[in-house]
Amino acid sequence: MTRRERYEAQQRRRSLVIAATSTITVLAAIYFLVPLAPGWAKVQQSFFNGETLIKTFPKLLEAFRINVMIFAWSAPAIAILGLLIALARDAKSPALFPLRIFGAAFTDIFRGVPVILTVYLIGFGIPGLGLPRPWNSPYIWGTLALVLTYSAYVAEIFRSGIDSVHHSQRAAALSLGLSERQVMRDVVLPQAIRNVVPSQMNMLIALQKDVSLLSFIGPVEIFRQAGVFKSLLANFTPYVGAAIIFLIVTVPATRYADHLMARQMRERR
Amino acid sequence: MTRRERYEAQQRRRSLVIAATSTITVLAAIYFLVPLAPGWAKVQQSFFNGETLIKTFPKLLEAFRINVMIFAWSAPAIAILGLLIALARDAKSPALFPLRIFGAAFTDIFRGVPVILTVYLIGFGIPGLGLPRPWNSPYIWGTLALVLTYSAYVAEIFRSGIDSVHHSQRAAALSLGLSERQVMRDVVLPQAIRNVVPSQMNMLIALQKDVSLLSFIGPVEIFRQAGVFKSLLANFTPYVGAAIIFLIVTVPATRYADHLMARQMRERR
Amino acid sequence: MPKLELNGVVKRFGERTVCDGISLTVEEGQMVCLIGASGSGKSTLLRCINLLEPIEDGAIYLDGEDISIPGLNLQSVRARIGIVFQSFNLFPHMTALENVMLAPRRVRGLTRAELQPEVETLFARFGLADRMHNYPDQLSGGQQQRVAIVRALAMRPEVMLFDEITSALDPQLVGEVLDVLLMLKRQGMTMVMATHEMGFAREAADKVCFLDGGRIIEEGAPEVLFDHPAQPATQAFLARALK
Amino acid sequence: MPKLELNGVVKRFGERTVCDGISLTVEEGQMVCLIGASGSGKSTLLRCINLLEPIEDGAIYLDGEDISIPGLNLQSVRARIGIVFQSFNLFPHMTALENVMLAPRRVRGLTRAELQPEVETLFARFGLADRMHNYPDQLSGGQQQRVAIVRALAMRPEVMLFDEITSALDPQLVGEVLDVLLMLKRQGMTMVMATHEMGFAREAADKVCFLDGGRIIEEGAPEVLFDHPAQPATQAFLARALK
Amino acid sequence: GSCAAGKTLTDGKFTIATGNPAYYPWVLDDAPESGEGFEAAVAYAVAEEMGFAADDVVWVRSSFDEAIQPGAKEFDVNMQQYSITPERDQVVDFSAPYYTAPMAVLVSPNATGTAPTLEALKGLQWGAVGSTTAVPKLSSIIQPDNDPLLYGDNADVNAAMSANQIDAALFDLPTALFLSAVMIEGSKVIGQFPADESDNPDQFGMLMEEGNPLKSCIDEALAALTDSGKLAEIEAKWLQDSTGVPLIK
Ligand SMILES: Nc1ncnc2c1ncn2[C@@H]1O[C@H](COP(=O)(O)OP(=O)(O)OP(=O)(O)O)[C@@H](O)[C@H]1O
Ligand SMILES: Nc1ncnc2c1ncn2[C@@H]1O[C@H](COP(=O)(O)OP(=O)(O)OP(=O)(O)O)[C@@H](O)[C@H]1O
Ligand SMILES: [Mg+2]
Ligand SMILES: [Mg+2]
């Protein structure tokens with residue numbers, strides 16, 4: 001073992017000790033001090049009620065299936081539409097000026113308008129125009145509203161990624177005779193996307209939770225289900241149950257994505 | 001005028017014509033065809049009711065003051081906390097390992113837990129522990145919930161920006177004798193922040209609308225106000241009013257930010 | 001008919017005129033060297049020839065065809081003109097091999113397998129056989145420079161533009177790379193090269209152009225230009241450069 | 001006591017050993033040139049001396065003090081050792097002037113106004129007086145290289161490391177920059193330089209080290225090493241390089 | 001039933017929507033099928049009056065938003081304490097009222113000493129459920145000094161009261177009595193407003209799609225139930241006697 005490895009190992013040991021003690025201290029402080037607060041019993045009863053949790057959890061889990069379903073079909077749609085809008089906004093040639101304008105208008109409108117309105121307007125409004133039964137489903141139109149809104153956000157992120165790739169990369173690729181499309185696909189986008197993975201992770205996680213907005217127009221997903229229990233039992237514990245379900249899904253996913261990113265970085269340098 | 005300028009001017013003219021005709025065609029199609037739908041009268045009555053709009057708009061505008069207020073004090077707090085968390089997650093030295101862990105746990109938890117739960121838990125739970133009147137205000141604790149949640153998202157974006165700065169920049173700055181802090185502040189962060197302006201704009205716009213989540217714990221901001229009108233009048237038009245107010249604020253802001261970014265890019269290259 | 005012809009090319013960046021009416025003729029199979037002080041516009045001129053920078057005025061002809069017409073299909077022209085940049089500009093997310101194969105696969109429409117032998121030969125010729133699977137960040141400056149050359153050659157261009165491609169090479173490699181260029185020349189490649197290697201320019205160039213402030217002040221066969229420069233600016237430059 | 005001393009420095013990247021037990025002594029005011037093929041480890045060695053890369057084994061002494069002890073305050077050491085990178089690494093979000101002023105302002109604690117005369121003199125000496133307010137993207141390769149040199153010198157380091165700093169310069173500027181280095185040497189600056197300019201190494205170096213595969217195969221006064229290389233590898237390298 | 005024949009969503013079935021969840025005392029245990037609870041009982045009585053067997057009553061759930069959305073509805077009638085207002089009546093149809101609800105004041109444990117006078121009530125920090133007619137009542141009748149806080153449902157009002165963020169909340173009397181008795185420990189209903197306090201007392205009606213032909217049948221049925229005293233009987237069975245709550249002056 002070299003001098004440097006010894007030193008680093010020692011540093012790591014020391015910091016682990018610090019981490020462990022400080023974490024334990026803080027947790028212990030919370031654990032022992034919070035229950036001394038006068039209202040603790042009531043708060044515990046309202047938010048961390050084991051009995052309620054057990055009672056409501058299975059139904060929450062069942063409702064979560066709807067979230068998963070909506071998420072599963074809207075996420076790819078959002079990725080694709082978002083990318084297309086980003087490309088439209090980034091069109092360089094003067095002939096594509098209309099596309100640029102369209103992209104800008106799209107992002108402005110769908111980011112600017114509150115999601116709830118988009119959900120109501122598309123989820124209630126379009127079916128209200130007189131669509132027959134299977135085609136007026138809130139699942140279809142609600143998903144569309146979600147896709148439109150999120151695409152606007154996602155497009156802006158892709159665009160920032162595209163802008164972050166140095167223009168000399170475009171020049172080098174063009175000089176090889178690649179078309180603008182190929183340059184985008186093979187050279188710019190791979191670097192752009194890698195640069196924005198964390199921001200898109202953000203969006204993915206936010207989307208997962210915003211699937212719940214569809215409950216405004218009917219579908220009883222996990223949030224609405226938790227809300228129903230909350231109203232019924234006058235107890236917020238079902239939300240904690242929902243949060244647990246979300247955390248079980250998102251935390252491993254983000255850790256894994258982080259791990260992949262870090263490995264990629266390490267390999268590269 | 002050189003050959004190239006002539007050509008570009010011509011291209012621009014042509015594309016403007018295309019843009020104008022296509023836009024007008026689409027708008028005309030919507031304008032003339034949608035009202036032919038059987039349910040149009042009802043939809044118009046429900047969503048685009050001029051009378052309702054005029055009646056409710058002043059009160060919506062008044063309620064919007066609360067949004068502006070909450071936004072004004074939470075946005076800077078989010079920027080600062082988000083940046084600190086990003087820096088914590090990016091700490092390189094093994095001695096700062098606990099900070100890294102803390103940063104990761106923070107982002108995982110506050111991104112993973114649905115905002116509603118955070119708002120309820122902090123907005124009702126902490127005051128419920130027995131705080132006296134001025135200190136149990138839903139404004140204080142609701143804002144804290146918002147700040148914690150958004151900081152987690154914003155931190156991830158900052159982190160992606162920091163990672164997007166090439167490591168040779170760090171090396172060059174370190175080699176000049178700058179401390180890690182100075183390197184971060186003077187060399188890495190300015191480049192990092194510039195790279196993520198569009199993503200952070202996203203967050204700013206989303207925050208502006210998510211201020212409405214505080215309405216779950218009492219404050220009557222524009223969305224709750226629109227909801228009250230909706231219930232009272234059985235009409236969704238007040239949401240359209242709210243959307244108009246949001247658009248009036250966000251569209252010029254994003255256009256201006258875009259303009260600044262574009263100018264910066266042009267100057268730089 | 002000259003292979004490549006520039007006629008009064010003007011390029012401006014905002015207020016600054018970087019190429020100020022440059023006319024130049026390059027015959028098929030010729031090697032033309034651009035020399036001149038830093039900032040005299042050599043790199044910019046090469047970028048203009050490759051249509052990476054739109055020119056303000058003048059025209060550029062390839063095989064007699066005006067390739068600077070606005071609105072031309074740039075792609076097909078660029079595939080015929082290769083360029084190696086002063087700053088390499090390798091694609092950081094691809095290995096050396098992928099960097100080289102990308103354009104032939106996309107533009108020439110070949111598969112990896114079809115390209116393999118050809119590309120491996122190129123790598124070997126540039127002493128990079130064991131670096132094919134490294135990412136640019138893992139290569140030394142000289143190695144990156146050579147990968148960039150291989151990348152351009154793999155497109156089998158008709159004209160090659162080189163922008164100080166030996167600047168990051170050690171003298172041994174400079175020799176080797178220049179040997180490759182001589183070989184390309186023997187094979188009939190038309191080349192324009194911005195260089196500071198006066199020795200090479202004298203030995204290999206058919207024509208040397210001296211740039212100053214965005215203009216070609218003087219041009220001619222290397223023997224003439226190096227040994228009997230007519231213009232005072234050229235004389236001053238060469239006096240310092242060959243010292 | 002030597003100004004700078006390396007003792008068995010080992011540097012690995014993963015499996016690959018890039019510096020393989022390098023020992024080297026640089027006396028105060030000496031100019032040492034590192035020569036060797038591309039990929040022989042010259043840049044990496046310079047980065048190790050500047051503590052940008054932690055070393056696996058061995059030690060580095062500055063003024064007799066071990067600066068490679070893990071956990072040392074790197075910052076104060078680095079301020080005493082300047083480095084100019086092969087790839088410039090200017091800060092793209094700052095003008096040339098800001099690039100140069102940043103470190104003196106932060107580390108030496110001076111104000112812009114205090115620095116102005118000193119920095120302006122430096123810019124002028126490198127022929128950059130009218131480029132101070134340009135961003136790196138707006139500078140030619142040679143201009144960027146010179147800004148990088150000015151940036152390092154503005155910290156008034158005791159030891160300067162140069163990594164092929166003349167590679168992006170035209171011959172005229174090469175002459176000028178090397179003149180500056182000679183002047184620095186006369187002023188007593190200790191310097192280590194990776195270079196491919198054999199002519200300069202011979203003229204200006206007090207000692208030349210030939211690197212091959214991460215080892216110093218041979219070192220000595222330039223007259224000795226260039227005219228009577230002892231090792232076959234050195235002979236081969238020089239034979240090609242001086243051809 | 002002859003009157004309703006061919007006018008319902010599904011022939012031979014009577015589809016009734018209620019809230020998700022449905023609260024006591026309107027529906028017992030969130031299970032309207034049992035017919036227990038005031039609204040559930042009224043629903044079955046109306047259905048029977050219209051000639052539907054208990055088995056032909058189909059229950060669905062809906063939110064307020066779904067009830068007022070333009071376009072096709074998923075129910076024949078929707079019963080969840082909808083107050084009849086002229087504005088709402090423009091968008092949807094209401095049956096004749098089946099209950100007239102007085103508004104009542106529920107105060108937190110800290111404020112149980114408040115006198116039941118408008119004067120004393122003004123100074124309290126008020127809360128209410130944002131989607132109910134309590135909101136306009138609050139601003140028109142009580143006109144509190146501080147802006148009221150508004151919530152999404154009863155449970156949130158309950159939590160805000162527990163966190164001492166509000167002193168008083170306005171509900172319809174049966175809900176207020178239920179909350180004070182079961183949900184919020186130590187709270188108290190300190191007063192009610194006379195049901196006919198203002199021009200439009202809070203009357204609950206069944207909500208239908210605008211122009212629903214079923215309206216006349218339902219009105220007929222309700223009229224019959226009122227005449228026969230059946231409605232009063234149901235009310236007496238499920239809604240607490242409210243005579244003990246003082247009137248607010
Ligand atoms: N994008 C730009 N905006 C403004 N000025 C520019 C830009 N690109 C180059 N220049 C300027 O144009 C001039 C010519 O630059 P160019 O890179 O062509 O020089 P060069 O002859 O290749 O020099 P070197 O030998 O140093 O590479 C320089 O003065 C440079 O500052
Ligand atoms: N981060 C890295 N990971 C893996 N290998 C690396 C890394 N950096 C450098 N190397 C390898 O280390 C060796 C030495 O590189 P170095 O840059 O020191 O060479 P050099 O002597 O400066 O060459 P040149 O004259 O071309 O600049 C090369 O073979 C290179 O591929
Ligand atoms: Mg150049
Ligand atoms: Mg090197």
# chains A, B, ... in the order shown; residues from 1 in each chain; ligands from 1
>>> residues_near_ligand(ligand="ligand 3", cutoff="7 Å", atoms="only C-alpha atoms and all ligand atoms", output="JSON, numbers by chain")
{"C": [38, 39, 42, 43, 86, 163], "D": [140, 141]}
>>> write_last_selection(atoms="N, CA, C and O atoms", output="PDB file, in the first residue's frame")
ATOM      1  N   SER C  38       0.491  34.653 -36.409  1.00  0.00           N
ATOM      2  CA  SER C  38      -0.709  34.267 -35.669  1.00  0.00           C
ATOM      3  C   SER C  38      -1.770  35.335 -35.835  1.00  0.00           C
ATOM      4  O   SER C  38      -1.471  36.525 -35.732  1.00  0.00           O
ATOM      5  N   GLY C  39      -2.987  34.925 -36.117  1.00  0.00           N
ATOM      6  CA  GLY C  39      -4.057  35.910 -36.274  1.00  0.00           C
ATOM      7  C   GLY C  39      -4.150  36.486 -37.671  1.00  0.00           C
ATOM      8  O   GLY C  39      -4.983  37.357 -37.924  1.00  0.00           O
ATOM      9  N   LYS C  42      -5.324  32.481 -41.279  1.00  0.00           N
ATOM     10  CA  LYS C  42      -5.126  31.186 -41.933  1.00  0.00           C
ATOM     11  C   LYS C  42      -6.256  30.216 -41.572  1.00  0.00           C
ATOM     12  O   LYS C  42      -6.892  29.620 -42.453  1.00  0.00           O
ATOM     13  N   SER C  43      -6.498  30.048 -40.283  1.00  0.00           N
ATOM     14  CA  SER C  43      -7.540  29.105 -39.865  1.00  0.00           C
ATOM     15  C   SER C  43      -8.885  29.509 -40.440  1.00  0.00           C
ATOM     16  O   SER C  43      -9.651  28.682 -40.932  1.00  0.00           O
ATOM     17  N   GLN C  86      -6.961  22.751 -35.921  1.00  0.00           N
ATOM     18  CA  GLN C  86      -5.885  23.062 -35.001  1.00  0.00           C
ATOM     19  C   GLN C  86      -6.190  22.499 -33.607  1.00  0.00           C
ATOM     20  O   GLN C  86      -5.301  22.017 -32.925  1.00  0.00           O
ATOM     21  N   ASP C 163      -4.894  22.349 -40.648  1.00  0.00           N
ATOM     22  CA  ASP C 163      -4.637  23.563 -39.887  1.00  0.00           C
ATOM     23  C   ASP C 163      -3.594  23.276 -38.806  1.00  0.00           C
ATOM     24  O   ASP C 163      -3.917  22.827 -37.715  1.00  0.00           O
TER      25      ASP C 163
ATOM     26  N   SER D 140      -7.249  33.649 -31.855  1.00  0.00           N
ATOM     27  CA  SER D 140      -6.670  32.544 -32.619  1.00  0.00           C
ATOM     28  C   SER D 140      -5.904  31.642 -31.660  1.00  0.00           C
ATOM     29  O   SER D 140      -5.656  31.999 -30.505  1.00  0.00           O
ATOM     30  N   GLY D 141      -5.561  30.446 -32.145  1.00  0.00           N
ATOM     31  CA  GLY D 141      -4.854  29.489 -31.299  1.00  0.00           C
ATOM     32  C   GLY D 141      -3.615  30.092 -30.656  1.00  0.00           C
ATOM     33  O   GLY D 141      -3.396  29.961 -29.447  1.00  0.00           O
TER      34      GLY D 141
END
>>> residues_around(residues="Ala31 of chain E", least_positions_apart="3", cutoff="10 Å", atoms="only C-alpha atoms", output="list in words")
Pro21, Ala22, Tyr23, Val27, Leu28, Ser34, Gly35, Glu36, Gly37, Ala40 and Trp59 of chain E
>>> residues_near_ligand(ligand="ligand 1", cutoff="9 Å", atoms="only C-alpha atoms and all ligand atoms", output="PyMOL selection string")
(chain B and resi 267-269) or (chain C and resi 12-19+34-47+86+163-164+194-196+211-214) or (chain D and resi 131+134-145+168-170)
>>> residues_around(residues="Met261 of chain B", least_positions_apart="4", cutoff="9 Å", atoms="only C-alpha atoms", output="number ranges by chain")
B: 194, 197-198, 256-257, 265-266
>>> interface_residues(of="chain B", to="chain C", cutoff="9 Å", atoms="only C-alpha atoms", output="JSON, numbers by chain")
{"B": [2, 3, 4, 5, 7, 8]}
>>> select_by_dssp(residues="segment 33-208 of chain C", states="alpha helix (DSSP H)", output="MDAnalysis selection string")
chainID C and resid 42:49 74:80 96:103 112:125 141:153 171:186 198:204
>>> atom_distance(atom1="atom CA of Leu4 of chain D", atom2="atom CA of Asp63 of chain D")
6.2 Å
>>> residues_around(residues="Phe52 of chain E", least_positions_apart="5", cutoff="8 Å", atoms="only C-alpha atoms", output="list in words")
Gly1, Gly12, Lys13, Phe14, Ala47 and Val57 of chain E
>>> write_last_selection(atoms="N, CA and C atoms", output="PDB file, in the first residue's frame")
ATOM      1  N   GLY E   1     -90.542   1.974 -13.476  1.00  0.00           N
ATOM      2  CA  GLY E   1     -91.338   3.168 -13.243  1.00  0.00           C
ATOM      3  C   GLY E   1     -91.781   3.765 -14.556  1.00  0.00           C
ATOM      4  N   GLY E  12     -83.998   0.975 -16.923  1.00  0.00           N
ATOM      5  CA  GLY E  12     -84.368   0.125 -15.796  1.00  0.00           C
ATOM      6  C   GLY E  12     -83.486   0.305 -14.584  1.00  0.00           C
ATOM      7  N   LYS E  13     -82.413   1.095 -14.716  1.00  0.00           N
ATOM      8  CA  LYS E  13     -81.520   1.338 -13.571  1.00  0.00           C
ATOM      9  C   LYS E  13     -81.553   2.823 -13.243  1.00  0.00           C
ATOM     10  N   PHE E  14     -81.345   3.143 -11.979  1.00  0.00           N
ATOM     11  CA  PHE E  14     -81.301   4.525 -11.552  1.00  0.00           C
ATOM     12  C   PHE E  14     -79.894   4.759 -10.993  1.00  0.00           C
ATOM     13  N   ALA E  47     -86.079   6.671  -5.208  1.00  0.00           N
ATOM     14  CA  ALA E  47     -86.059   5.603  -6.209  1.00  0.00           C
ATOM     15  C   ALA E  47     -87.323   4.763  -6.099  1.00  0.00           C
ATOM     16  N   VAL E  57     -80.979   0.417  -8.075  1.00  0.00           N
ATOM     17  CA  VAL E  57     -80.230   1.646  -7.797  1.00  0.00           C
ATOM     18  C   VAL E  57     -78.746   1.343  -7.933  1.00  0.00           C
TER      19      VAL E  57
END
>>> residues_around(residues="Asn202 of chain B", least_positions_apart="6", cutoff="9 Å", atoms="only C-alpha atoms", output="list in words")
Arg111, Tyr153, Val154, Glu156 and Ile157 of chain A
>>> residues_around(residues="Leu129 of chain B", least_positions_apart="4", cutoff="7 Å", atoms="only C-alpha atoms", output="ChimeraX atom specification")
/A:37-40,43 /B:125
>>> interface_residues(of="chain E", to="chain B", cutoff="7 Å", atoms="only C-alpha atoms", output="list of chain:residue names")
E:Ile68, E:Pro70, E:Gly71, E:Glu87, E:Arg88, E:Val91, E:Gly130, E:Ser131, E:Thr132, E:Thr133, E:Leu149, E:Leu150, E:Tyr151, E:Gly152, E:Ala159, E:Ala160, E:Ser162, E:Ala163, E:Gln165
>>> write_last_selection(atoms="N, CA and C atoms", output="PDB file, in the first residue's frame")
ATOM      1  N   ILE E  68     -69.927  19.057 -12.847  1.00  0.00           N
ATOM      2  CA  ILE E  68     -70.251  20.269 -13.614  1.00  0.00           C
ATOM      3  C   ILE E  68     -69.538  20.320 -14.953  1.00  0.00           C
ATOM      4  N   PRO E  70     -68.792  20.066 -18.824  1.00  0.00           N
ATOM      5  CA  PRO E  70     -69.701  20.089 -19.964  1.00  0.00           C
ATOM      6  C   PRO E  70     -69.696  18.713 -20.625  1.00  0.00           C
ATOM      7  N   GLY E  71     -70.804  18.347 -21.234  1.00  0.00           N
ATOM      8  CA  GLY E  71     -70.825  17.068 -21.935  1.00  0.00           C
ATOM      9  C   GLY E  71     -71.514  15.984 -21.139  1.00  0.00           C
ATOM     10  N   GLU E  87     -76.448  30.573 -10.009  1.00  0.00           N
ATOM     11  CA  GLU E  87     -75.342  30.446 -10.970  1.00  0.00           C
ATOM     12  C   GLU E  87     -75.169  28.996 -11.392  1.00  0.00           C
ATOM     13  N   ARG E  88     -75.190  28.112 -10.401  1.00  0.00           N
ATOM     14  CA  ARG E  88     -75.015  26.709 -10.729  1.00  0.00           C
ATOM     15  C   ARG E  88     -76.179  26.234 -11.594  1.00  0.00           C
ATOM     16  N   VAL E  91     -75.881  26.043 -15.307  1.00  0.00           N
ATOM     17  CA  VAL E  91     -75.032  25.049 -15.948  1.00  0.00           C
ATOM     18  C   VAL E  91     -75.614  23.651 -15.824  1.00  0.00           C
ATOM     19  N   GLY E 130     -63.344  25.413   0.821  1.00  0.00           N
ATOM     20  CA  GLY E 130     -63.402  26.374  -0.274  1.00  0.00           C
ATOM     21  C   GLY E 130     -64.456  26.099  -1.316  1.00  0.00           C
ATOM     22  N   SER E 131     -64.918  24.862  -1.408  1.00  0.00           N
ATOM     23  CA  SER E 131     -65.851  24.550  -2.489  1.00  0.00           C
ATOM     24  C   SER E 131     -67.304  24.638  -2.041  1.00  0.00           C
ATOM     25  N   THR E 132     -67.554  25.122  -0.820  1.00  0.00           N
ATOM     26  CA  THR E 132     -68.936  25.150  -0.330  1.00  0.00           C
ATOM     27  C   THR E 132     -69.483  26.568  -0.320  1.00  0.00           C
ATOM     28  N   THR E 133     -70.774  26.651  -0.109  1.00  0.00           N
ATOM     29  CA  THR E 133     -71.406  27.965  -0.051  1.00  0.00           C
ATOM     30  C   THR E 133     -71.121  28.655   1.283  1.00  0.00           C
ATOM     31  N   LEU E 149     -59.054  31.521   6.007  1.00  0.00           N
ATOM     32  CA  LEU E 149     -58.250  30.506   5.326  1.00  0.00           C
ATOM     33  C   LEU E 149     -59.213  29.463   4.765  1.00  0.00           C
ATOM     34  N   LEU E 150     -58.959  29.015   3.553  1.00  0.00           N
ATOM     35  CA  LEU E 150     -59.877  28.063   2.918  1.00  0.00           C
ATOM     36  C   LEU E 150     -59.185  26.735   2.649  1.00  0.00           C
ATOM     37  N   TYR E 151     -59.937  25.665   2.760  1.00  0.00           N
ATOM     38  CA  TYR E 151     -59.347  24.327   2.664  1.00  0.00           C
ATOM     39  C   TYR E 151     -60.073  23.473   1.641  1.00  0.00           C
ATOM     40  N   GLY E 152     -59.479  22.305   1.388  1.00  0.00           N
ATOM     41  CA  GLY E 152     -60.044  21.403   0.388  1.00  0.00           C
ATOM     42  C   GLY E 152     -61.169  20.536   0.910  1.00  0.00           C
ATOM     43  N   ALA E 159     -57.567  19.574  10.693  1.00  0.00           N
ATOM     44  CA  ALA E 159     -56.134  19.623  10.999  1.00  0.00           C
ATOM     45  C   ALA E 159     -55.696  21.038  11.323  1.00  0.00           C
ATOM     46  N   ALA E 160     -56.223  22.019  10.578  1.00  0.00           N
ATOM     47  CA  ALA E 160     -55.831  23.400  10.830  1.00  0.00           C
ATOM     48  C   ALA E 160     -56.289  23.820  12.224  1.00  0.00           C
ATOM     49  N   SER E 162     -56.640  21.797  14.762  1.00  0.00           N
ATOM     50  CA  SER E 162     -55.759  21.116  15.708  1.00  0.00           C
ATOM     51  C   SER E 162     -54.420  21.835  15.812  1.00  0.00           C
ATOM     52  N   ALA E 163     -53.955  22.384  14.696  1.00  0.00           N
ATOM     53  CA  ALA E 163     -52.680  23.087  14.708  1.00  0.00           C
ATOM     54  C   ALA E 163     -52.857  24.522  15.198  1.00  0.00           C
ATOM     55  N   GLN E 165     -54.371  26.934  13.910  1.00  0.00           N
ATOM     56  CA  GLN E 165     -54.215  27.955  12.882  1.00  0.00           C
ATOM     57  C   GLN E 165     -55.519  28.696  12.621  1.00  0.00           C
TER      58      GLN E 165
END
>>> closest_residue(among="C:Ala239, C:Met132, C:Val224, C:Ile216", to="ligand 2", atoms="only C-alpha atoms and all ligand atoms")
C:Met132
>>> residues_around(residues="segment 17-27 of chain B", least_positions_apart="4", cutoff="8 Å", atoms="only C-alpha atoms", output="list in words")
Phe97 and Pro98 of chain A; Arg13 and Tyr31 of chain B
>>> atom_distance(atom1="atom CA of Leu62 of chain D", atom2="atom CA of Arg14 of chain A")
29.1 Å
>>> select_by_dssp(residues="segment 138-208 of chain C", states="strand (DSSP E)", output="list of chain:residue names")
C:Val159, C:Met160, C:Leu161, C:Phe162, C:Asp163, C:Thr190, C:Met191, C:Val192, C:Met193, C:Ala194, C:Lys207, C:Val208
